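These notes are about the structure you will find just below.
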Amino acid sequence: MNRNRIKIQVENLIKDFGSLHVLQGVTTAIYEGEVVVVIGPSGSGKSTFLRCLNKLEETTSGRIMIDGKELTDPKTDINHLRERVGMVFQHFNLFNNMPVLRNLMLAPVDLKKCSKTEAKARAVAMLKRVGLEEKANSYPRELSGGQKQRVAIARSLCMKPDIMLFDEPTSALDPEMVGEVLDVMKELARDGMTMVVVTHEMGFAREVANRVLFMADGQILEEGTPEQIFRNPQNPRTKDFLNKVL
Amino acid sequence: MIDLFSRYGRVLVTAMGQTLLLALYGLFFACIIGLIVGIMSVVKNKFCRGFALVFVNLIRGVPMIVLAYFIFFGVPFLFNNVLHVQNRVTLTALQAGSICLALNCGAYMAEIIRAGIQSVDIGQMEAARSVGLPYWRAMQRVVLPQAIRTMIPSIINQFIITLKDTSILSVIGFPELVNTAKNVVAETFLSFQTWGIVAIMYLIVILLLQWLAKVLERRLKYESK
Ligand SMILES: Nc1ncnc2c1ncn2[C@@H]1O[C@H](COP(=O)(O)OP(=O)(O)O)[C@@H](O)[C@H]1O
Ligand SMILES: [Mg+2]
């Protein structure tokens, strides 16, 4: 982690859905190469927070800066920015109408990031990296949940992102498949990817996270190293939550 | 009946040709209208959605026979007798009929296309956007190909309905099958035989269409495999 470079800066982020105040002033800074795990009860706004970071949700007010570029600034090319911020979803969201390899090549080729040959080479390399090169020609429906999620990670990596967002990447998986996905994520973290991970996998948080954020009611109520949060939580809400999940 | 067909077969088959021509024109423009209005009803822009909503409900709320009279008689009347435009506006029955079918079928197609797009999991669009694809690209590459597959049966069904609806346009004097058959009955007084033949002709064309739809559907399923 590089303490001298702030990758994502969030200032007083507020997000309302109509009269529902989902994010009520979130402020934090995420450094280059940092792995931040976000925990908190269901409905506390974790997904919404993550989705604001690549503008899948419009923010109501506040500022989000990625590499110093303001997300809400109309001059910022949002598509260009999204190429550099990968997102992995709970339900994988692989493109069902094309085989695995085309899933990986679609955006790089369509956006003319590189030639078709290069895109293919990179796609194959990324599949190898997640251990699925033999599935290149399979359709998403032919894969297990764990395989789908690994393909989804590979798809994001094909755009050479420098930030990866994960929204409960293992919550929809059968228990025996959680490990294979977490392993891929751990390797990414080791390679220095900046990661924001919403998860209930406390083992993963302990092992990989530089920092844990506890969110409730649309706010970050407590943050610290995994050690601090899991061993010695200060906020009663954090204690209460950890008692329930650990 | 065979005797009648040997005498009037050529006339009736030509009329069926006119029916198909009218249906083809109507369906062609209906597809364009349907696609545009269908997509308008799913985009973020409130004006687009509002327009689509009003259009669809307006067309659905008016019987097609009224729409036909309105376009064929009403619209030229407005231009010529109320607004007094320089060049007289005239519409042929084929033009008015095509417009009428296109609007009517287009509204239903828009609904089919809207439902088709909405049946695709929102996550598909979100995933496409988050790898950096712009909205239209994501629509074109990811959402629409999946939507079309679910829409095919409804679209074919709508085509068949529209083909049958051409008969309503006999009221504006277009020489399609029903209109022609009326003339045949007027000449021969053989209503049972004439309408029997007409029914069978419609049936044959529609069965052919259904068969084509089945083949198409199977082909699409096969391709997606
Ligand atoms: N698109 C939406 N429209 C309306 N309410 C939403 C929407 N998305 C999320 N919410 C609401 O925002 C709150 C926070 O949701 P979410 O961010 O998904 O929480 P979490 O991921 O922590 O479980 C919930 O009450 C949820 O119902
Ligand atoms: Mg969530």
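Starting from 1 in every chain, residues are counted up; chains themselves are A, B, ... following the order of the structure tokens, and ligands are numbered from 1 as listed.
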Chain B near chain A within 6 Å: what's each residue's closest atom pair and its distance in Å to one decimal, counting only C-alpha atoms, ordered by chain then ascending residue number, as JSON lines?
{"residue": "B:Gly123", "atom": "CA", "partner": "A:Asn93", "partner_atom": "CA", "distance": 5.5}
{"residue": "B:Gln124", "atom": "CA", "partner": "A:Asn93", "partner_atom": "CA", "distance": 5.5}
{"residue": "B:Ser130", "atom": "CA", "partner": "A:Arg82", "partner_atom": "CA", "distance": 5.6}
{"residue": "B:Val131", "atom": "CA", "partner": "A:Glu83", "partner_atom": "CA", "distance": 5.3}
{"residue": "B:Gly132", "atom": "CA", "partner": "A:Glu83", "partner_atom": "CA", "distance": 4.6}
For the selection just defined, write its residues with C-alpha atoms to a file, as a short mmCIF file (atom, residue, chain, number, x, y, z; two decimals), in the first residue's frame.
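This went into result-v6.cif:
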data_model
loop_
_atom_site.label_atom_id
_atom_site.label_comp_id
_atom_site.auth_asym_id
_atom_site.auth_seq_id
_atom_site.Cartn_x
_atom_site.Cartn_y
_atom_site.Cartn_z
CA GLY B 123 -27.37 -6.83 -13.86
CA GLN B 124 -26.52 -7.47 -17.52
CA SER B 130 -19.03 -1.21 -15.52
CA VAL B 131 -16.55 -2.58 -18.04
CA GLY B 132 -16.84 0.80 -19.74
#
Residues near Met125 of chain B, cut-off 9 Å, only C-alpha atoms, skip fewer than 6 positions along chain, as a PyMOL selection string: (chain A and resi 93) or (chain B and resi 135+138-139+142-143)
Export, as an mmCIF file, in the first residue's frame, the selected residues with C-alpha atoms.
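Below is the file that was written, again.cif:
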data_model
loop_
_atom_site.group_PDB
_atom_site.id
_atom_site.type_symbol
_atom_site.label_atom_id
_atom_site.label_comp_id
_atom_site.auth_asym_id
_atom_site.auth_seq_id
_atom_site.Cartn_x
_atom_site.Cartn_y
_atom_site.Cartn_z
ATOM 1 C CA ASN A 93 -23.689 -10.927 -14.317
ATOM 2 C CA TYR B 135 -25.313 2.756 -22.834
ATOM 3 C CA ALA B 138 -24.364 -2.216 -23.944
ATOM 4 C CA MET B 139 -27.923 -2.239 -25.284
ATOM 5 C CA VAL B 142 -25.700 -7.444 -24.467
ATOM 6 C CA VAL B 143 -29.300 -6.499 -23.683
#
Separation of atom CA of Gly192 of chain A from atom CA of Ile64 of chain A in Å: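 Atom CA of Gly192 of chain A lies 21.9 Å from atom CA of Ile64 of chain A.
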Contacts with ligand 2 at most 12 Å, only C-alpha atoms and all ligand atoms counted, listed as a PyMOL selection string: chain A and resi 22+38-51+89-91+166-172+197-200+215
Output as an mmCIF file with N, CA and C atoms, in the first residue's frame all residues of segment 72-232 of chain A that backbone DSSP marks as strand (DSSP E).
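Okay, out_36.cif is ready:
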data_model
loop_
_atom_site.group_PDB
_atom_site.id
_atom_site.type_symbol
_atom_site.label_atom_id
_atom_site.label_comp_id
_atom_site.auth_asym_id
_atom_site.auth_seq_id
_atom_site.Cartn_x
_atom_site.Cartn_y
_atom_site.Cartn_z
ATOM 1 N N VAL A 85 -12.066 1.077 -13.331
ATOM 2 C CA VAL A 85 -12.632 0.619 -12.060
ATOM 3 C C VAL A 85 -13.434 -0.648 -12.333
ATOM 4 N N GLY A 86 -12.882 -1.785 -12.004
ATOM 5 C CA GLY A 86 -13.585 -3.044 -12.227
ATOM 6 C C GLY A 86 -14.640 -3.263 -11.158
ATOM 7 N N MET A 87 -15.720 -3.969 -11.530
ATOM 8 C CA MET A 87 -16.747 -4.260 -10.528
ATOM 9 C C MET A 87 -17.138 -5.729 -10.635
ATOM 10 N N VAL A 88 -17.211 -6.365 -9.492
ATOM 11 C CA VAL A 88 -17.626 -7.773 -9.437
ATOM 12 C C VAL A 88 -18.895 -7.843 -8.599
ATOM 13 N N ILE A 163 -8.464 -0.268 -9.989
ATOM 14 C CA ILE A 163 -9.274 -0.411 -8.776
ATOM 15 C C ILE A 163 -10.278 -1.530 -9.041
ATOM 16 N N MET A 164 -10.505 -2.370 -8.049
ATOM 17 C CA MET A 164 -11.539 -3.392 -8.202
ATOM 18 C C MET A 164 -12.524 -3.275 -7.038
ATOM 19 N N LEU A 165 -13.811 -3.270 -7.390
ATOM 20 C CA LEU A 165 -14.865 -3.228 -6.378
ATOM 21 C C LEU A 165 -15.549 -4.599 -6.347
ATOM 22 N N PHE A 166 -15.755 -5.121 -5.182
ATOM 23 C CA PHE A 166 -16.413 -6.427 -5.044
ATOM 24 C C PHE A 166 -17.637 -6.281 -4.150
ATOM 25 N N ASP A 167 -18.811 -6.623 -4.679
ATOM 26 C CA ASP A 167 -20.018 -6.546 -3.853
ATOM 27 C C ASP A 167 -20.474 -7.958 -3.475
ATOM 28 N N THR A 194 -5.741 -2.115 -5.900
ATOM 29 C CA THR A 194 -6.554 -1.385 -4.930
ATOM 30 C C THR A 194 -7.930 -2.030 -4.915
ATOM 31 N N MET A 195 -8.396 -2.466 -3.748
ATOM 32 C CA MET A 195 -9.652 -3.218 -3.701
ATOM 33 C C MET A 195 -10.578 -2.703 -2.610
ATOM 34 N N VAL A 196 -11.853 -2.596 -2.957
ATOM 35 C CA VAL A 196 -12.881 -2.330 -1.956
ATOM 36 C C VAL A 196 -13.827 -3.518 -1.997
ATOM 37 N N VAL A 197 -13.948 -4.214 -0.884
ATOM 38 C CA VAL A 197 -14.658 -5.487 -0.870
ATOM 39 C C VAL A 197 -15.757 -5.460 0.184
ATOM 40 N N VAL A 198 -16.997 -5.602 -0.266
ATOM 41 C CA VAL A 198 -18.087 -5.818 0.684
ATOM 42 C C VAL A 198 -18.213 -7.317 0.865
ATOM 43 N N ARG A 211 -7.624 -2.476 6.008
ATOM 44 C CA ARG A 211 -8.527 -1.684 6.828
ATOM 45 C C ARG A 211 -9.933 -2.250 6.713
ATOM 46 N N VAL A 212 -10.676 -2.186 7.788
ATOM 47 C CA VAL A 212 -12.065 -2.638 7.786
ATOM 48 C C VAL A 212 -12.945 -1.447 8.127
ATOM 49 N N LEU A 213 -13.997 -1.248 7.303
ATOM 50 C CA LEU A 213 -14.978 -0.200 7.609
ATOM 51 C C LEU A 213 -16.240 -0.875 8.099
ATOM 52 N N PHE A 214 -16.770 -0.381 9.191
ATOM 53 C CA PHE A 214 -18.067 -0.890 9.627
ATOM 54 C C PHE A 214 -19.130 0.146 9.289
ATOM 55 N N MET A 215 -20.087 -0.253 8.454
ATOM 56 C CA MET A 215 -21.157 0.678 8.065
ATOM 57 C C MET A 215 -22.472 0.288 8.715
ATOM 58 N N ALA A 216 -23.219 1.289 9.159
ATOM 59 C CA ALA A 216 -24.592 1.070 9.609
ATOM 60 C C ALA A 216 -25.359 2.366 9.385
ATOM 61 N N GLN A 219 -23.756 5.210 7.338
ATOM 62 C CA GLN A 219 -22.573 5.921 7.795
ATOM 63 C C GLN A 219 -21.463 4.932 8.128
ATOM 64 N N ILE A 220 -20.218 5.425 8.074
ATOM 65 C CA ILE A 220 -19.127 4.601 8.577
ATOM 66 C C ILE A 220 -19.052 4.859 10.071
ATOM 67 N N LEU A 221 -19.439 3.861 10.851
ATOM 68 C CA LEU A 221 -19.476 4.077 12.298
ATOM 69 C C LEU A 221 -18.128 3.823 12.940
ATOM 70 N N GLU A 222 -17.353 2.931 12.322
ATOM 71 C CA GLU A 222 -16.063 2.623 12.907
ATOM 72 C C GLU A 222 -15.138 2.096 11.825
ATOM 73 N N GLU A 223 -13.870 2.420 11.940
ATOM 74 C CA GLU A 223 -12.911 1.828 11.007
ATOM 75 C C GLU A 223 -11.587 1.593 11.694
ATOM 76 N N GLY A 224 -10.823 0.659 11.151
ATOM 77 C CA GLY A 224 -9.529 0.350 11.746
ATOM 78 C C GLY A 224 -8.929 -0.866 11.078
#
A:Gln228, A:Gly146, A:Thr76, A:Gly218 ranked by distance to ligand 1, top pick (using only C-alpha atoms and all ligand atoms):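 Nearest to ligand 1: A:Gly218.
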Exercise: Met177 of chain A partners within 10 Å, only C-alpha atoms, chain neighbours under 3 positions left out, as JSON, numbers by chain: {"A": [144, 145, 146, 147, 149, 170, 172, 173, 174, 180, 181, 182]}
Generate a file of the selected residues that holds N, CA and C atoms, formatted as a JSON list (two decimals), in the first residue's frame.
[["chain", "number", "residue", "atom", "x", "y", "z"],
["A", 144, "SER", "N", -20.26, -23.52, -13.08],
["A", 144, "SER", "CA", -20.72, -23.47, -11.69],
["A", 144, "SER", "C", -20.60, -22.03, -11.20],
["A", 145, "GLY", "N", -21.23, -21.76, -10.06],
["A", 145, "GLY", "CA", -21.20, -20.41, -9.50],
["A", 145, "GLY", "C", -19.78, -19.90, -9.29],
["A", 146, "GLY", "N", -18.95, -20.74, -8.72],
["A", 146, "GLY", "CA", -17.57, -20.34, -8.44],
["A", 146, "GLY", "C", -16.82, -20.03, -9.73],
["A", 147, "GLN", "N", -17.06, -20.86, -10.75],
["A", 147, "GLN", "CA", -16.40, -20.62, -12.03],
["A", 147, "GLN", "C", -16.90, -19.32, -12.64],
["A", 149, "GLN", "N", -17.97, -16.69, -11.14],
["A", 149, "GLN", "CA", -17.40, -15.54, -10.46],
["A", 149, "GLN", "C", -15.94, -15.33, -10.84],
["A", 170, "THR", "N", -18.96, -13.63, -2.84],
["A", 170, "THR", "CA", -19.12, -15.06, -2.54],
["A", 170, "THR", "C", -20.47, -15.38, -1.90],
["A", 172, "ALA", "N", -23.45, -15.58, -3.10],
["A", 172, "ALA", "CA", -24.40, -16.42, -3.84],
["A", 172, "ALA", "C", -23.83, -17.80, -4.13],
["A", 173, "LEU", "N", -22.68, -18.11, -3.53],
["A", 173, "LEU", "CA", -22.01, -19.37, -3.87],
["A", 173, "LEU", "C", -22.28, -20.46, -2.84],
["A", 174, "ASP", "N", -22.27, -21.69, -3.33],
["A", 174, "ASP", "CA", -22.29, -22.82, -2.41],
["A", 174, "ASP", "C", -20.98, -22.78, -1.61],
["A", 180, "GLU", "N", -12.30, -20.96, -3.78],
["A", 180, "GLU", "CA", -11.64, -20.74, -5.06],
["A", 180, "GLU", "C", -11.72, -19.27, -5.48],
["A", 181, "VAL", "N", -12.84, -18.62, -5.15],
["A", 181, "VAL", "CA", -13.00, -17.20, -5.51],
["A", 181, "VAL", "C", -12.14, -16.33, -4.59],
["A", 182, "LEU", "N", -12.16, -16.65, -3.30],
["A", 182, "LEU", "CA", -11.35, -15.86, -2.36],
["A", 182, "LEU", "C", -9.86, -15.97, -2.70]]
Within 10 Å of Gln158 of chain B using only C-alpha atoms, minus same-chain residues under 5 positions, as a count of residues only: 10
Backbone-only DSSP, alpha helix (DSSP H) members of chain B, as a ChimeraX atom specification: /B:2-40,46-60,64-69,75-77,93-119,122-130,135-138,144-165,177-188,191-224
Straight-line distance linking atom CA of Met1 of chain A with atom CA of Ala29 of chain A, stated in Å to one decimal: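 These atoms are spaced 12.7 Å apart.
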Best match for closeness to Arg122 of chain A among A:Glu134, A:Val109, A:Pro233, A:Ile66, counting only C-alpha atoms: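 For Arg122 of chain A, the nearest of the candidates is A:Val109.
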d(atom 23 (O, counted along the ligand's line) of ligand 1, atom CA of Asp16 of chain A) in Å: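 These atoms are spaced 14.8 Å apart.
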Neighbour list for Gly62 of chain A as JSON, numbers by chain, cut-off 8 Å, only C-alpha atoms, skip fewer than 6 positions in-chain: {"A": [10, 11, 12, 13, 14, 25]}
Contact residues around segment 57-63 of chain B with only C-alpha atoms at 8 Å, ignoring same-chain residues under 2 positions, as a VMD selection string: chain B and resid 53 to 55 65 to 67 103 to 104 107 to 108
Print the selection's residues with N, CA, C and O atoms to a file, as an mmCIF file, in the first residue's frame.
data_model
loop_
_atom_site.group_PDB
_atom_site.id
_atom_site.type_symbol
_atom_site.label_atom_id
_atom_site.label_comp_id
_atom_site.auth_asym_id
_atom_site.auth_seq_id
_atom_site.Cartn_x
_atom_site.Cartn_y
_atom_site.Cartn_z
ATOM 1 N N LEU B 53 -45.289 6.487 -23.377
ATOM 2 C CA LEU B 53 -46.489 6.111 -22.617
ATOM 3 C C LEU B 53 -47.749 6.667 -23.282
ATOM 4 O O LEU B 53 -48.736 5.954 -23.484
ATOM 5 N N VAL B 54 -47.697 7.964 -23.640
ATOM 6 C CA VAL B 54 -48.859 8.603 -24.260
ATOM 7 C C VAL B 54 -49.163 7.952 -25.606
ATOM 8 O O VAL B 54 -50.316 7.620 -25.895
ATOM 9 N N PHE B 55 -48.128 7.740 -26.396
ATOM 10 C CA PHE B 55 -48.322 7.151 -27.723
ATOM 11 C C PHE B 55 -49.003 5.784 -27.628
ATOM 12 O O PHE B 55 -50.019 5.526 -28.268
ATOM 13 N N ILE B 65 -60.588 0.895 -36.509
ATOM 14 C CA ILE B 65 -61.471 1.385 -37.569
ATOM 15 C C ILE B 65 -61.590 2.915 -37.473
ATOM 16 O O ILE B 65 -61.635 3.617 -38.475
ATOM 17 N N VAL B 66 -61.602 3.414 -36.245
ATOM 18 C CA VAL B 66 -61.664 4.866 -36.036
ATOM 19 C C VAL B 66 -60.359 5.510 -36.508
ATOM 20 O O VAL B 66 -60.354 6.542 -37.192
ATOM 21 N N LEU B 67 -59.257 4.861 -36.166
ATOM 22 C CA LEU B 67 -57.947 5.346 -36.602
ATOM 23 C C LEU B 67 -57.895 5.404 -38.129
ATOM 24 O O LEU B 67 -57.397 6.369 -38.720
ATOM 25 N N LEU B 103 -48.974 2.402 -37.106
ATOM 26 C CA LEU B 103 -49.201 3.025 -35.802
ATOM 27 C C LEU B 103 -49.770 2.015 -34.825
ATOM 28 O O LEU B 103 -49.302 1.873 -33.694
ATOM 29 N N ASN B 104 -50.792 1.294 -35.291
ATOM 30 C CA ASN B 104 -51.474 0.353 -34.413
ATOM 31 C C ASN B 104 -50.528 -0.777 -33.973
ATOM 32 O O ASN B 104 -50.320 -1.009 -32.785
ATOM 33 N N ALA B 107 -47.497 0.354 -31.805
ATOM 34 C CA ALA B 107 -47.748 0.560 -30.379
ATOM 35 C C ALA B 107 -47.643 -0.765 -29.622
ATOM 36 O O ALA B 107 -47.051 -0.841 -28.542
ATOM 37 N N TYR B 108 -48.221 -1.820 -30.215
ATOM 38 C CA TYR B 108 -48.141 -3.120 -29.545
ATOM 39 C C TYR B 108 -46.725 -3.680 -29.566
ATOM 40 O O TYR B 108 -46.261 -4.281 -28.607
#
